[in-house]
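A.B. asks: What follows is the file structure_31.txt, containing compact mmCIF, C-alpha atoms (C1' of nucleotides):
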```txt
# COMPACT_ATOMS: atom_id res chain seq x y z
CA MET A 283 0.95 3.32 -13.92
CA ALA A 284 -2.25 1.42 -14.36
CA ARG A 285 -4.19 2.59 -11.36
CA THR A 286 -1.79 4.72 -9.39
CA ALA A 287 0.31 7.28 -11.18
CA ARG A 288 3.72 7.36 -9.61
CA GLY A 289 6.91 9.06 -10.59
CA GLY A 290 10.53 8.01 -10.57
CA ALA A 291 10.71 8.01 -6.80
CA GLY A 292 7.75 5.63 -6.65
CA SER A 293 9.36 2.97 -8.77
CA LYS A 294 12.59 3.17 -6.82
CA VAL A 295 10.60 2.74 -3.61
CA LEU A 296 8.68 -0.21 -5.02
CA GLU A 297 11.85 -1.87 -6.19
CA THR A 298 13.49 -1.44 -2.79
CA ALA A 299 10.41 -2.49 -0.85
CA HIS A 300 10.15 -5.58 -3.04
CA ARG A 301 13.68 -6.60 -2.25
CA LEU A 302 13.56 -5.85 1.48
CA PHE A 303 10.08 -7.21 2.20
CA TYR A 304 10.91 -10.49 0.55
CA ARG A 305 14.33 -10.80 2.13
CA GLU A 306 13.56 -9.74 5.70
CA GLY A 307 9.80 -9.84 6.07
CA ILE A 308 7.17 -7.15 6.16
CA HIS A 309 7.09 -6.25 9.84
CA ALA A 310 10.86 -6.36 10.04
CA VAL A 311 11.36 -3.53 7.54
CA GLY A 312 10.37 0.02 8.39
CA VAL A 313 9.42 2.78 5.99
CA ASP A 314 12.45 4.81 7.03
CA THR A 315 14.72 2.00 5.92
CA ILE A 316 12.93 1.64 2.61
CA ALA A 317 13.05 5.36 1.89
CA ALA A 318 16.72 5.63 2.82
CA GLU A 319 17.71 2.56 0.79
CA ALA A 320 15.73 3.82 -2.18
CA GLY A 321 17.42 7.20 -1.92
CA VAL A 322 14.18 9.13 -1.56
CA THR A 323 12.55 10.93 1.32
CA LYS A 324 9.76 9.58 3.43
CA THR A 325 7.57 12.36 2.11
CA ALA A 326 8.01 11.02 -1.41
CA LEU A 327 7.25 7.50 -0.26
CA TYR A 328 4.03 8.57 1.41
CA SER A 329 2.94 10.79 -1.46
CA ASN A 330 3.33 7.82 -3.81
CA PHE A 331 1.85 5.04 -1.72
CA GLY A 332 -0.22 6.59 1.03
CA SER A 333 0.65 4.05 3.70
CA LYS A 334 2.86 1.11 4.42
CA ALA A 335 -0.13 -1.23 4.03
CA GLN A 336 -0.73 0.03 0.50
CA LEU A 337 2.94 -0.32 -0.28
CA VAL A 338 2.72 -3.94 0.79
CA VAL A 339 -0.22 -4.46 -1.55
CA SER A 340 1.74 -2.87 -4.40
CA TYR A 341 4.69 -5.11 -3.61
CA LEU A 342 2.57 -8.24 -3.86
CA ARG A 343 0.81 -7.07 -7.01
CA GLU A 344 4.17 -6.43 -8.61
CA ARG A 345 5.37 -9.84 -7.55
CA ASP A 346 2.33 -11.47 -9.11
CA ARG A 347 2.86 -9.48 -12.30
CA LEU A 348 6.49 -10.60 -12.50
CA TRP A 349 5.45 -14.20 -11.97
CA GLN A 350 2.94 -14.05 -14.81
CA ALA A 351 5.57 -12.53 -17.10
CA GLU A 352 8.12 -15.17 -16.15
CA ILE A 353 5.71 -18.03 -16.76
CA ASP A 354 4.78 -16.59 -20.15
CA ARG A 355 8.41 -16.21 -21.05
CA ILE A 356 9.33 -19.73 -20.01
CA THR A 357 6.45 -21.55 -21.61
CA ALA A 358 6.23 -19.46 -24.78
CA SER A 359 8.35 -21.84 -26.77
CA ILE A 360 6.85 -25.07 -25.39
CA ASP A 361 4.07 -26.64 -27.40
CA SER A 362 3.10 -29.55 -25.19
CA PRO A 363 0.85 -28.84 -22.19
CA ARG A 364 2.51 -31.66 -20.32
CA GLU A 365 5.94 -30.14 -20.84
CA ARG A 366 4.63 -26.73 -19.88
CA VAL A 367 3.48 -28.05 -16.52
CA LEU A 368 6.81 -29.72 -15.93
CA ALA A 369 8.61 -26.56 -17.00
CA VAL A 370 6.80 -24.71 -14.22
CA PHE A 371 8.20 -27.16 -11.70
CA ASP A 372 11.62 -26.73 -13.25
CA ALA A 373 11.39 -22.97 -13.04
CA TYR A 374 10.54 -23.13 -9.35
CA GLU A 375 13.42 -25.50 -8.78
CA ALA A 376 15.86 -23.18 -10.51
CA TRP A 377 14.52 -20.28 -8.49
CA SER A 378 14.91 -22.21 -5.23
CA ALA A 379 18.58 -22.79 -5.97
CA ARG A 380 19.31 -19.08 -6.04
CA ASP A 381 20.76 -17.72 -2.84
CA ARG A 382 18.12 -15.04 -2.45
CA PHE A 383 15.42 -17.70 -2.26
CA ARG A 384 13.30 -17.46 0.86
CA GLY A 385 10.15 -19.40 0.01
CA CYS A 386 6.95 -18.05 -1.43
CA ALA A 387 6.50 -14.31 -0.94
CA PHE A 388 2.75 -14.72 -0.81
CA VAL A 389 2.78 -17.46 1.79
CA ASN A 390 5.24 -15.44 3.85
CA ALA A 391 3.08 -12.35 3.62
CA ALA A 392 -0.01 -14.30 4.66
CA ALA A 393 1.92 -15.61 7.65
CA GLU A 394 2.61 -12.05 8.78
CA LEU A 395 -0.84 -10.63 8.07
CA PRO A 396 -3.39 -12.74 9.91
CA ARG A 397 -6.53 -10.72 9.34
CA PRO A 398 -8.57 -12.43 6.62
CA ASP A 399 -9.86 -9.11 5.32
CA ASP A 400 -6.40 -7.59 4.95
CA PRO A 401 -6.16 -6.25 1.38
CA ALA A 402 -2.79 -7.93 1.02
CA ARG A 403 -4.37 -11.33 1.57
CA GLU A 404 -6.67 -10.70 -1.33
CA VAL A 405 -3.63 -10.34 -3.56
CA VAL A 406 -2.27 -13.58 -2.11
CA ARG A 407 -5.47 -15.44 -2.93
CA HIS A 408 -5.51 -13.90 -6.40
CA HIS A 409 -1.98 -15.08 -7.08
CA LYS A 410 -2.64 -18.61 -5.89
CA SER A 411 -5.73 -18.75 -8.03
CA ALA A 412 -3.68 -17.58 -11.01
CA VAL A 413 -1.14 -20.36 -10.48
CA ARG A 414 -3.88 -22.95 -10.10
CA GLY A 415 -5.60 -21.51 -13.16
CA TYR A 416 -2.50 -21.90 -15.25
CA LEU A 417 -2.10 -25.53 -14.23
CA ALA A 418 -5.78 -26.20 -14.80
CA ARG A 419 -5.64 -24.81 -18.34
CA GLN A 420 -2.72 -27.05 -19.22
CA VAL A 421 -4.42 -30.09 -17.74
CA ASP A 422 -7.56 -29.27 -19.70
CA LEU A 423 -5.56 -29.43 -22.88
CA LEU A 424 -4.08 -32.72 -21.85
CA CYS A 425 -6.97 -34.82 -20.65
CA GLU A 426 -10.47 -34.40 -19.42
CA PRO A 427 -10.89 -35.69 -15.91
CA GLY A 428 -12.45 -33.51 -13.25
CA PRO A 429 -10.83 -30.73 -11.29
CA GLU A 430 -8.91 -33.11 -9.06
CA LEU A 431 -5.68 -33.18 -11.03
CA PRO A 432 -4.97 -29.42 -11.03
CA ALA A 433 -5.66 -29.26 -7.30
CA ARG A 434 -3.30 -32.17 -6.75
CA LEU A 435 -0.56 -30.60 -8.82
CA MET A 436 -1.05 -27.40 -6.90
CA LEU A 437 -0.60 -29.22 -3.59
CA LEU A 438 2.67 -30.63 -4.85
CA LEU A 439 3.95 -27.27 -5.98
CA GLU A 440 2.91 -25.53 -2.78
CA GLY A 441 4.36 -28.25 -0.61
CA ALA A 442 7.62 -28.14 -2.49
CA VAL A 443 7.97 -24.36 -2.23
CA VAL A 444 7.38 -24.39 1.51
CA THR A 445 9.62 -27.35 2.21
CA SER A 446 12.34 -25.95 0.01
CA GLY A 447 12.15 -22.63 1.81
CA ILE A 448 12.50 -24.27 5.19
CA GLU A 449 15.25 -26.71 4.30
CA ARG A 450 17.01 -24.43 1.86
CA SER A 451 17.28 -27.22 -0.65
CA ALA A 452 16.08 -27.83 -4.19
CA GLU A 453 15.38 -31.47 -3.45
CA PRO A 454 11.65 -31.08 -2.72
CA PHE A 455 11.19 -29.78 -6.26
CA ARG A 456 12.84 -32.83 -7.73
CA VAL A 457 10.49 -35.05 -5.73
CA ALA A 458 7.51 -32.93 -6.75
CA ARG A 459 8.49 -32.88 -10.40
CA GLY A 460 8.96 -36.64 -10.55
CA PHE A 461 5.64 -37.04 -8.82
CA ALA A 462 3.91 -34.67 -11.24
CA GLU A 463 5.43 -36.50 -14.17
CA SER A 464 3.85 -39.71 -12.96
CA LEU A 465 0.44 -38.06 -12.71
CA LEU A 466 0.29 -36.44 -16.10
CA PRO A 467 -0.84 -38.62 -18.98
CA PRO A 468 1.53 -38.68 -21.94
CA ASP A 469 0.81 -36.08 -24.55
CA ALA A 470 -1.92 -37.56 -26.70
CA SER A 471 0.10 -36.22 -29.60
CA GLU A 472 -1.89 -33.18 -30.61
CA GLN A 473 -5.10 -34.64 -31.78
CA SER A 474 -7.19 -34.12 -28.66
CA ALA A 475 -9.08 -31.14 -29.97
CA GLU A 476 -10.86 -30.49 -26.72
CA ARG A 477 -10.61 -26.76 -27.16
CA MET B 183 10.70 -28.80 33.38
CA ALA B 184 13.10 -30.81 31.34
CA ARG B 185 15.81 -28.31 30.63
CA THR B 186 14.55 -25.05 32.02
CA ALA B 187 13.02 -24.94 35.44
CA ARG B 188 10.19 -22.45 35.42
CA GLY B 189 7.50 -21.70 37.90
CA GLY B 190 3.83 -20.97 37.61
CA ALA B 191 4.45 -17.59 36.06
CA GLY B 192 6.56 -19.22 33.38
CA SER B 193 3.85 -21.60 32.29
CA LYS B 194 1.27 -18.84 32.17
CA VAL B 195 3.63 -16.81 30.00
CA LEU B 196 4.27 -19.75 27.72
CA GLU B 197 0.58 -20.45 27.37
CA THR B 198 -0.16 -16.82 26.51
CA ALA B 199 2.78 -16.48 24.15
CA HIS B 200 1.69 -19.66 22.43
CA ARG B 201 -1.78 -18.30 21.82
CA LEU B 202 -0.74 -14.79 20.76
CA PHE B 203 2.26 -15.76 18.63
CA TYR B 204 0.18 -18.23 16.67
CA ARG B 205 -2.81 -15.95 16.32
CA GLU B 206 -1.10 -12.66 15.48
CA GLY B 207 2.45 -13.49 14.52
CA ILE B 208 5.74 -13.18 16.33
CA HIS B 209 6.79 -9.65 15.40
CA ALA B 210 3.26 -8.39 15.94
CA VAL B 211 3.19 -9.31 19.63
CA GLY B 212 5.34 -7.46 22.14
CA VAL B 213 6.62 -8.76 25.43
CA ASP B 214 4.58 -6.17 27.32
CA THR B 215 1.40 -7.54 25.80
CA ILE B 216 2.34 -11.11 26.65
CA ALA B 217 3.22 -10.26 30.23
CA ALA B 218 0.05 -8.23 30.73
CA GLU B 219 -2.18 -10.87 29.17
CA ALA B 220 -0.55 -13.59 31.23
CA GLY B 221 -1.05 -11.56 34.37
CA VAL B 222 2.62 -11.48 35.29
CA THR B 223 5.24 -8.76 35.28
CA LYS B 224 7.85 -8.32 32.62
CA THR B 225 10.48 -9.08 35.23
CA ALA B 226 8.96 -12.51 35.74
CA LEU B 227 8.84 -13.09 32.01
CA TYR B 228 12.51 -12.24 31.61
CA SER B 229 13.62 -14.23 34.63
CA ASN B 230 11.90 -17.27 33.15
CA PHE B 231 12.85 -16.96 29.50
CA GLY B 232 15.77 -14.56 29.23
CA SER B 233 14.73 -12.93 25.98
CA LYS B 234 11.93 -12.77 23.49
CA ALA B 235 13.94 -14.91 21.08
CA GLN B 236 14.20 -17.68 23.66
CA LEU B 237 10.51 -17.39 24.40
CA VAL B 238 9.86 -17.93 20.71
CA VAL B 239 12.00 -21.05 20.79
CA SER B 240 10.10 -22.32 23.83
CA TYR B 241 6.82 -21.62 22.07
CA LEU B 242 7.81 -23.70 19.08
CA ARG B 243 9.22 -26.51 21.21
CA GLU B 244 5.95 -26.63 23.13
CA ARG B 245 4.01 -26.67 19.91
CA ASP B 246 6.06 -29.59 18.64
CA ARG B 247 5.56 -31.43 21.92
CA LEU B 248 1.81 -30.94 21.72
CA TRP B 249 1.79 -32.21 18.15
CA GLN B 250 3.64 -35.38 19.14
CA ALA B 251 1.21 -35.97 21.99
CA GLU B 252 -1.79 -35.42 19.74
CA ILE B 253 -0.52 -37.81 17.08
CA ASP B 254 0.15 -40.44 19.72
CA ARG B 255 -3.31 -39.99 21.15
CA ILE B 256 -5.02 -40.20 17.78
CA THR B 257 -3.17 -43.17 16.41
CA ALA B 258 -2.94 -45.16 19.64
CA SER B 259 -6.02 -47.20 18.88
CA ILE B 260 -5.31 -47.71 15.19
CA ASP B 261 -3.56 -50.91 14.21
CA SER B 262 -3.13 -50.42 10.51
CA PRO B 263 -0.24 -48.24 9.33
CA ARG B 264 -2.28 -47.23 6.33
CA GLU B 265 -5.13 -46.03 8.51
CA ARG B 266 -2.69 -44.26 10.79
CA VAL B 267 -1.38 -42.19 7.90
CA LEU B 268 -4.89 -41.35 6.81
CA ALA B 269 -5.83 -40.49 10.38
CA VAL B 270 -3.07 -37.89 10.36
CA PHE B 271 -4.63 -36.24 7.34
CA ASP B 272 -8.00 -36.40 9.06
CA ALA B 273 -6.61 -34.79 12.19
CA TYR B 274 -5.19 -31.91 10.19
CA GLU B 275 -8.47 -31.47 8.41
CA ALA B 276 -10.39 -31.32 11.68
CA TRP B 277 -7.88 -28.82 13.00
CA SER B 278 -8.21 -26.64 9.91
CA ALA B 279 -11.96 -26.40 10.43
CA ARG B 280 -11.53 -24.76 13.82
CA ASP B 281 -11.85 -21.01 13.78
CA ARG B 282 -8.51 -20.43 15.46
CA PHE B 283 -6.75 -22.13 12.56
CA ARG B 284 -4.11 -19.97 10.94
CA GLY B 285 -1.91 -22.42 9.05
CA CYS B 286 1.22 -24.12 10.28
CA ALA B 287 2.86 -22.35 13.22
CA PHE B 288 6.28 -23.53 12.10
CA VAL B 289 5.90 -22.34 8.53
CA ASN B 290 4.61 -19.01 9.79
CA ALA B 291 7.52 -18.67 12.19
CA ALA B 292 10.01 -19.46 9.44
CA ALA B 293 8.37 -16.79 7.30
CA GLU B 294 9.01 -14.21 9.99
CA LEU B 295 12.52 -15.30 10.91
CA PRO B 296 14.62 -15.30 7.74
CA ARG B 297 18.04 -15.96 9.18
CA PRO B 298 18.91 -19.60 8.55
CA ASP B 299 20.90 -19.81 11.78
CA ASP B 300 18.05 -18.51 13.94
CA PRO B 301 17.56 -21.01 16.78
CA ALA B 302 13.83 -20.96 16.12
CA ARG B 303 14.39 -22.27 12.61
CA GLU B 304 16.18 -25.25 14.05
CA VAL B 305 13.02 -26.13 15.96
CA VAL B 306 11.06 -25.72 12.74
CA ARG B 307 13.33 -28.14 10.90
CA HIS B 308 13.18 -30.55 13.81
CA HIS B 309 9.41 -30.55 13.77
CA LYS B 310 9.17 -31.09 10.04
CA SER B 311 11.61 -33.94 10.30
CA ALA B 312 9.49 -35.45 13.08
CA VAL B 313 6.37 -35.33 10.91
CA ARG B 314 8.22 -36.84 7.99
CA GLY B 315 9.70 -39.44 10.32
CA TYR B 316 6.28 -40.49 11.52
CA LEU B 317 5.00 -40.91 7.99
CA ALA B 318 8.14 -42.78 6.98
CA ARG B 319 7.77 -45.27 9.82
CA GLN B 320 4.19 -46.04 8.85
CA VAL B 321 5.15 -46.46 5.22
CA ASP B 322 7.96 -48.77 6.24
CA LEU B 323 5.45 -51.02 7.95
CA LEU B 324 3.26 -50.98 4.90
CA CYS B 325 5.57 -51.61 2.00
CA GLU B 326 9.22 -51.46 1.16
CA PRO B 327 9.87 -49.06 -1.65
CA GLY B 328 12.46 -46.32 -1.33
CA PRO B 329 12.14 -43.05 0.49
CA GLU B 330 10.07 -41.46 -2.25
CA LEU B 331 6.65 -42.22 -0.80
CA PRO B 332 7.11 -40.53 2.60
CA ALA B 333 8.50 -37.44 0.89
CA ARG B 334 5.54 -37.38 -1.44
CA LEU B 335 3.04 -37.73 1.39
CA MET B 336 4.85 -34.94 3.19
CA LEU B 337 4.49 -32.66 0.17
CA LEU B 338 0.77 -33.32 0.14
CA LEU B 339 0.37 -32.60 3.81
CA GLU B 340 2.47 -29.45 3.66
CA GLY B 341 0.72 -28.19 0.58
CA ALA B 342 -2.67 -28.79 2.14
CA VAL B 343 -1.79 -26.98 5.37
CA VAL B 344 -0.54 -23.92 3.52
CA THR B 345 -3.42 -23.80 1.04
CA SER B 346 -5.94 -24.35 3.77
CA GLY B 347 -4.42 -21.53 5.80
CA ILE B 348 -4.61 -19.13 2.89
CA GLU B 349 -8.08 -20.03 1.69
CA ARG B 350 -9.51 -20.74 5.13
CA SER B 351 -11.07 -23.93 3.91
CA ALA B 352 -10.79 -27.59 4.79
CA GLU B 353 -11.10 -28.61 1.15
CA PRO B 354 -7.35 -28.94 0.46
CA PHE B 355 -7.19 -31.63 3.11
CA ARG B 356 -9.95 -33.62 1.47
CA VAL B 357 -8.03 -33.46 -1.81
CA ALA B 358 -4.81 -34.42 -0.07
CA ARG B 359 -6.40 -37.28 1.83
CA GLY B 360 -8.00 -38.73 -1.27
CA PHE B 361 -4.70 -38.39 -3.03
CA ALA B 362 -2.82 -40.09 -0.19
CA GLU B 363 -5.33 -42.90 -0.15
CA SER B 364 -4.59 -43.61 -3.78
CA LEU B 365 -0.87 -43.76 -3.11
CA LEU B 366 -0.87 -46.12 -0.16
CA PRO B 367 -0.98 -49.82 -0.94
CA PRO B 368 -3.70 -51.78 0.88
CA ASP B 369 -2.68 -53.20 4.22
CA ALA B 370 -0.69 -56.35 3.68
CA SER B 371 -2.24 -58.26 6.56
CA GLU B 372 -5.88 -59.19 6.07
CA GLN B 373 -6.31 -57.19 2.91
CA SER B 374 -9.97 -56.69 3.65
CA ALA B 375 -12.30 -54.12 2.24
CA GLU B 376 -11.34 -50.54 1.78
CA ARG B 377 -13.23 -48.46 4.30
C1' DT C 50 5.31 34.12 -16.76
C1' DC C 51 2.28 31.44 -14.18
C1' DG C 52 1.15 27.52 -11.75
C1' DA C 53 0.84 22.73 -11.12
C1' DT C 54 3.68 18.68 -10.16
C1' DA C 55 7.14 16.21 -7.85
C1' DG C 56 10.60 16.25 -5.17
C1' DT C 57 14.08 17.45 -1.00
C1' DA C 58 15.21 18.27 3.84
C1' DA C 59 14.43 17.95 8.52
C1' DA C 60 11.98 18.05 12.46
C1' DC C 61 8.16 16.33 15.10
C1' DA C 62 4.36 13.43 17.24
C1' DG C 63 2.84 9.69 20.01
C1' DA C 64 2.98 5.07 20.53
C1' DC C 65 5.48 0.98 21.10
C1' DC C 66 9.88 -1.91 21.02
C1' DG C 67 13.03 -5.20 23.90
C1' DG C 68 15.27 -4.98 28.07
C1' DT C 69 16.86 -3.33 32.86
C1' DA C 70 17.30 -1.23 37.59
C1' DT C 71 15.63 -0.67 42.04
C1' DA C 72 13.07 -1.41 45.76
C1' DT C 73 9.45 -3.79 48.12
C1' DT C 74 6.81 -7.76 49.39
C1' DT C 75 6.03 -12.69 49.92
C1' DT C 76 7.48 -17.38 50.79
C1' DC C 77 9.63 -20.94 52.93
C1' DC C 78 12.46 -23.43 55.93
C1' DA C 79 16.29 -24.04 59.32
C1' DT D 101 11.46 -16.60 64.72
C1' DG D 102 15.00 -15.03 61.73
C1' DG D 103 16.74 -14.48 57.38
C1' DA D 104 17.81 -15.72 52.70
C1' DA D 105 15.74 -16.39 48.32
C1' DA D 106 12.10 -15.71 45.13
C1' DA D 107 8.46 -13.14 43.19
C1' DT D 108 6.58 -8.74 42.55
C1' DA D 109 5.59 -3.75 41.32
C1' DT D 110 7.00 0.25 39.06
C1' DA D 111 9.56 3.25 36.79
C1' DC D 112 12.82 3.88 33.46
C1' DC D 113 16.28 3.35 29.26
C1' DG D 114 17.49 4.32 24.40
C1' DG D 115 15.73 3.32 20.22
C1' DT D 116 12.35 2.49 16.44
C1' DC D 117 7.68 2.40 14.66
C1' DT D 118 4.18 4.68 11.25
C1' DG D 119 2.75 8.86 9.88
C1' DT D 120 2.56 14.26 9.62
C1' DT D 121 4.04 18.93 9.21
C1' DT D 122 6.44 22.86 7.51
C1' DA D 123 9.24 25.14 4.38
C1' DC D 124 11.73 25.20 0.30
C1' DT D 125 13.23 23.95 -4.75
C1' DA D 126 13.50 22.15 -9.47
C1' DT D 127 11.00 21.17 -13.67
C1' DC D 128 8.00 21.83 -17.36
C1' DG D 129 3.93 22.78 -20.15
C1' DA D 130 0.26 26.29 -21.37
```
How would this structure read if it were set down as structure tokens?
C.D. replies:
Amino acid sequence: MARTARGGAGSKVLETAHRLFYREGIHAVGVDTIAAEAGVTKTALYSNFGSKAQLVVSYLRERDRLWQAEIDRITASIDSPRERVLAVFDAYEAWSARDRFRGCAFVNAAAELPRPDDPAREVVRHHKSAVRGYLARQVDLLCEPGPELPARLMLLLEGAVVTSGIERSAEPFRVARGFAESLLPPDASEQSAER
Amino acid sequence: MARTARGGAGSKVLETAHRLFYREGIHAVGVDTIAAEAGVTKTALYSNFGSKAQLVVSYLRERDRLWQAEIDRITASIDSPRERVLAVFDAYEAWSARDRFRGCAFVNAAAELPRPDDPAREVVRHHKSAVRGYLARQVDLLCEPGPELPARLMLLLEGAVVTSGIERSAEPFRVARGFAESLLPPDASEQSAER
DNA sequence: TCGATAGTAAACAGACCGGTATATTTTCCA
DNA sequence: TGGAAAATATACCGGTCTGTTTACTATCGA
């Protein structure tokens, strides 16, 4: 709705594309399949999205939007920055235990779309920067060392998602969470009025 | 040579497939392209590898073999287990700075091949277990805590490879290396100066 | 009532997909 | 030197890929 007006057919297509692209990969799913599964015609798909490449971009944007919403929902009721960071690790772990889990959609998309100037890769970078930004804001509230800690936490999270996707196990997240716990200073109650 | 006898055409095909699969992705490269680029006929390709899926498996096996050889070469002249681990991080960083770098071939392959029982995914798991095994052996020589440290180092390495592939920067490896350095106890024997 | 919007239905285009069949040439060695 | 085996060239198979075209229909607000 924000930048591309699309009707009921468009949202059904996006929903279907989201599911199939994540589950089977981008190159592995054709537009005919998406249109058929969504119960719309190819004409409707193309009038809403213009091309498969733009549909892929919409898929990743939607995925990023859902992630933001989920993080907000999860951390809304948590007051401590430290606990918020750990809750992110917990959320990823819970996600990885679901049977539809197939690793990070953004990493998978980047693996299939090598060209650095591909518009989809821009969405990937934007998402990763959003995740890192969230962690950095929590760390800022918690202590004041340089930018090293957020980057380190990000490495842990990224490593755990990839490993978990390959091994189909939630174990990497438990390792990562324990590791993160050991890195984060205890909540300095709530007196550190840094910002 | 070991398990599949293949002639000169076979090795040219494997070499070409290796280059194209890594650079452009598996689904994005057709067998016609590989055969043409390798300068052999499709018949020769199929008589050597049987199917595209088996060629993919051969590609990943070769990649794993090359990794083992490279690690052996790099660490042959290093006596300290601690320095060997750090040299692995350095080797990845140097690799990531090359312009052909496009992230981890095994992670990328797993992203394109969702089925858990795909033979290619078995090679992926085998490779990851080999990397983890190498780190674990060095850690064993260095100290005696549980299996947590190798798993943690592996998370760092994996996270750095993925992030570096997405951002096309060597920076994640510098963060990961510094992080790893802080985790590894000083060499027990002749605990001389840190680098 | 007009006309824009959004959709359906179905065929088509041209390229490319993995894989095979057939026939010809080259190689090697007994 | 003869002949089997291996490598080659070339054409072909059915199917799928993204994307377009044409023709028709339902809805709804001005």
A.B. asks: Rounded to one decimal, what separation in Å do you get between CA of Tyr328 (chain A) and CA of Phe303 (chain A)?
C.D. replies: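 One can read the CA of Tyr328 (chain A) to CA of Phe303 (chain A) distance as 16.9 Å.
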A.B. asks: Tell me the residues of chain A close to chain D, meaning within 12 Å using only C-alpha atoms (C1' of nucleotides), as a PyMOL selection string.
C.D. replies: chain A and resi 309-315+324-325+327-329+332-335
A.B. asks: Give the residues of chain C that lie within 10 Å of chain A; count only C-alpha atoms (C1' of nucleotides), and format the answer as an mmCIF file with C-alpha atoms (C1' of nucleotides), in the frame of the given file.
C.D. replies:
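Now in result_28.cif:
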```
data_model
loop_
_atom_site.group_PDB
_atom_site.id
_atom_site.type_symbol
_atom_site.label_atom_id
_atom_site.label_comp_id
_atom_site.auth_asym_id
_atom_site.auth_seq_id
_atom_site.Cartn_x
_atom_site.Cartn_y
_atom_site.Cartn_z
ATOM 1 C "C1'" DA C 55 7.140 16.210 -7.850
ATOM 2 C "C1'" DG C 56 10.600 16.250 -5.170
ATOM 3 C "C1'" DT C 57 14.080 17.450 -1.000
ATOM 4 C "C1'" DA C 58 15.210 18.270 3.840
#
```
A.B. asks: Name the residues in contact with region 332-342 of chain B at a cut-off of 8 Å, using all atoms listed in the file, excluding same-chain residues fewer than 2 positions from it; report them as a PDB file with C-alpha atoms, keeping the file's coordinate frame.
C.D. replies:
```pdb
ATOM      1  CA  MET A 436      -1.050 -27.400  -6.900  1.00  0.00           C
ATOM      2  CA  LEU A 437      -0.600 -29.220  -3.590  1.00  0.00           C
ATOM      3  CA  LEU A 438       2.670 -30.630  -4.850  1.00  0.00           C
ATOM      4  CA  LEU A 439       3.950 -27.270  -5.980  1.00  0.00           C
ATOM      5  CA  GLU A 440       2.910 -25.530  -2.780  1.00  0.00           C
ATOM      6  CA  GLY A 441       4.360 -28.250  -0.610  1.00  0.00           C
ATOM      7  CA  ALA A 442       7.620 -28.140  -2.490  1.00  0.00           C
ATOM      8  CA  VAL A 444       7.380 -24.390   1.510  1.00  0.00           C
ATOM      9  CA  THR A 445       9.620 -27.350   2.210  1.00  0.00           C
ATOM     10  CA  PRO A 454      11.650 -31.080  -2.720  1.00  0.00           C
ATOM     11  CA  VAL A 457      10.490 -35.050  -5.730  1.00  0.00           C
ATOM     12  CA  ALA A 458       7.510 -32.930  -6.750  1.00  0.00           C
ATOM     13  CA  PHE A 461       5.640 -37.040  -8.820  1.00  0.00           C
TER      14      PHE A 461
ATOM     15  CA  PHE B 271      -4.630 -36.240   7.340  1.00  0.00           C
ATOM     16  CA  VAL B 313       6.370 -35.330  10.910  1.00  0.00           C
ATOM     17  CA  ARG B 314       8.220 -36.840   7.990  1.00  0.00           C
ATOM     18  CA  LEU B 317       5.000 -40.910   7.990  1.00  0.00           C
ATOM     19  CA  ALA B 318       8.140 -42.780   6.980  1.00  0.00           C
ATOM     20  CA  VAL B 321       5.150 -46.460   5.220  1.00  0.00           C
ATOM     21  CA  PRO B 329      12.140 -43.050   0.490  1.00  0.00           C
ATOM     22  CA  GLU B 330      10.070 -41.460  -2.250  1.00  0.00           C
ATOM     23  CA  VAL B 344      -0.540 -23.920   3.520  1.00  0.00           C
ATOM     24  CA  THR B 345      -3.420 -23.800   1.040  1.00  0.00           C
ATOM     25  CA  SER B 346      -5.940 -24.350   3.770  1.00  0.00           C
ATOM     26  CA  PRO B 354      -7.350 -28.940   0.460  1.00  0.00           C
ATOM     27  CA  PHE B 355      -7.190 -31.630   3.110  1.00  0.00           C
ATOM     28  CA  ALA B 358      -4.810 -34.420  -0.070  1.00  0.00           C
ATOM     29  CA  ALA B 362      -2.820 -40.090  -0.190  1.00  0.00           C
TER      30      ALA B 362
END
```
A.B. asks: So which residues fall inside 7 Å of (1.6, -44.4, 12.3) if we count only C-alpha atoms (C1' of nucleotides)? Mind giving them as a ChimeraX atom specification?
C.D. replies: /B:257,263,266-267,316-317,319-320
A.B. asks: So how many Å separate CA of Cys386 (chain A) and CA of Glu294 (chain B), to one decimal?
C.D. replies: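 Going from CA of Cys386 (chain A) over to CA of Glu294 (chain B), I get 12.2 Å.
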A.B. asks: Please report the interatomic distance between CA of Ala393 (chain A) and CA of Ile353 (chain A) in Å with one decimal.
C.D. replies: 24.8 Å
A.B. asks: I need the residue nearest chain B from this list: A:Lys294, A:Ala391, A:Asp422, A:Asn330. Use all atoms listed in the file for the distance.
C.D. replies: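 Counting all atoms listed in the file, the residue closest to chain B is A:Ala391.
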A.B. asks: Can you work out which one of A:Glu306, A:Asp372, A:Glu365, A:Glu319 has the shortest atom-to-atom distance to chain B, counting all atoms listed in the file?
C.D. replies: A:Glu306
A.B. asks: From the list A:Gly321, A:Leu368, A:Pro396, A:Glu352, which residue is nearest Ile208 (chain B) when using only C-alpha atoms?
C.D. replies: A:Pro396
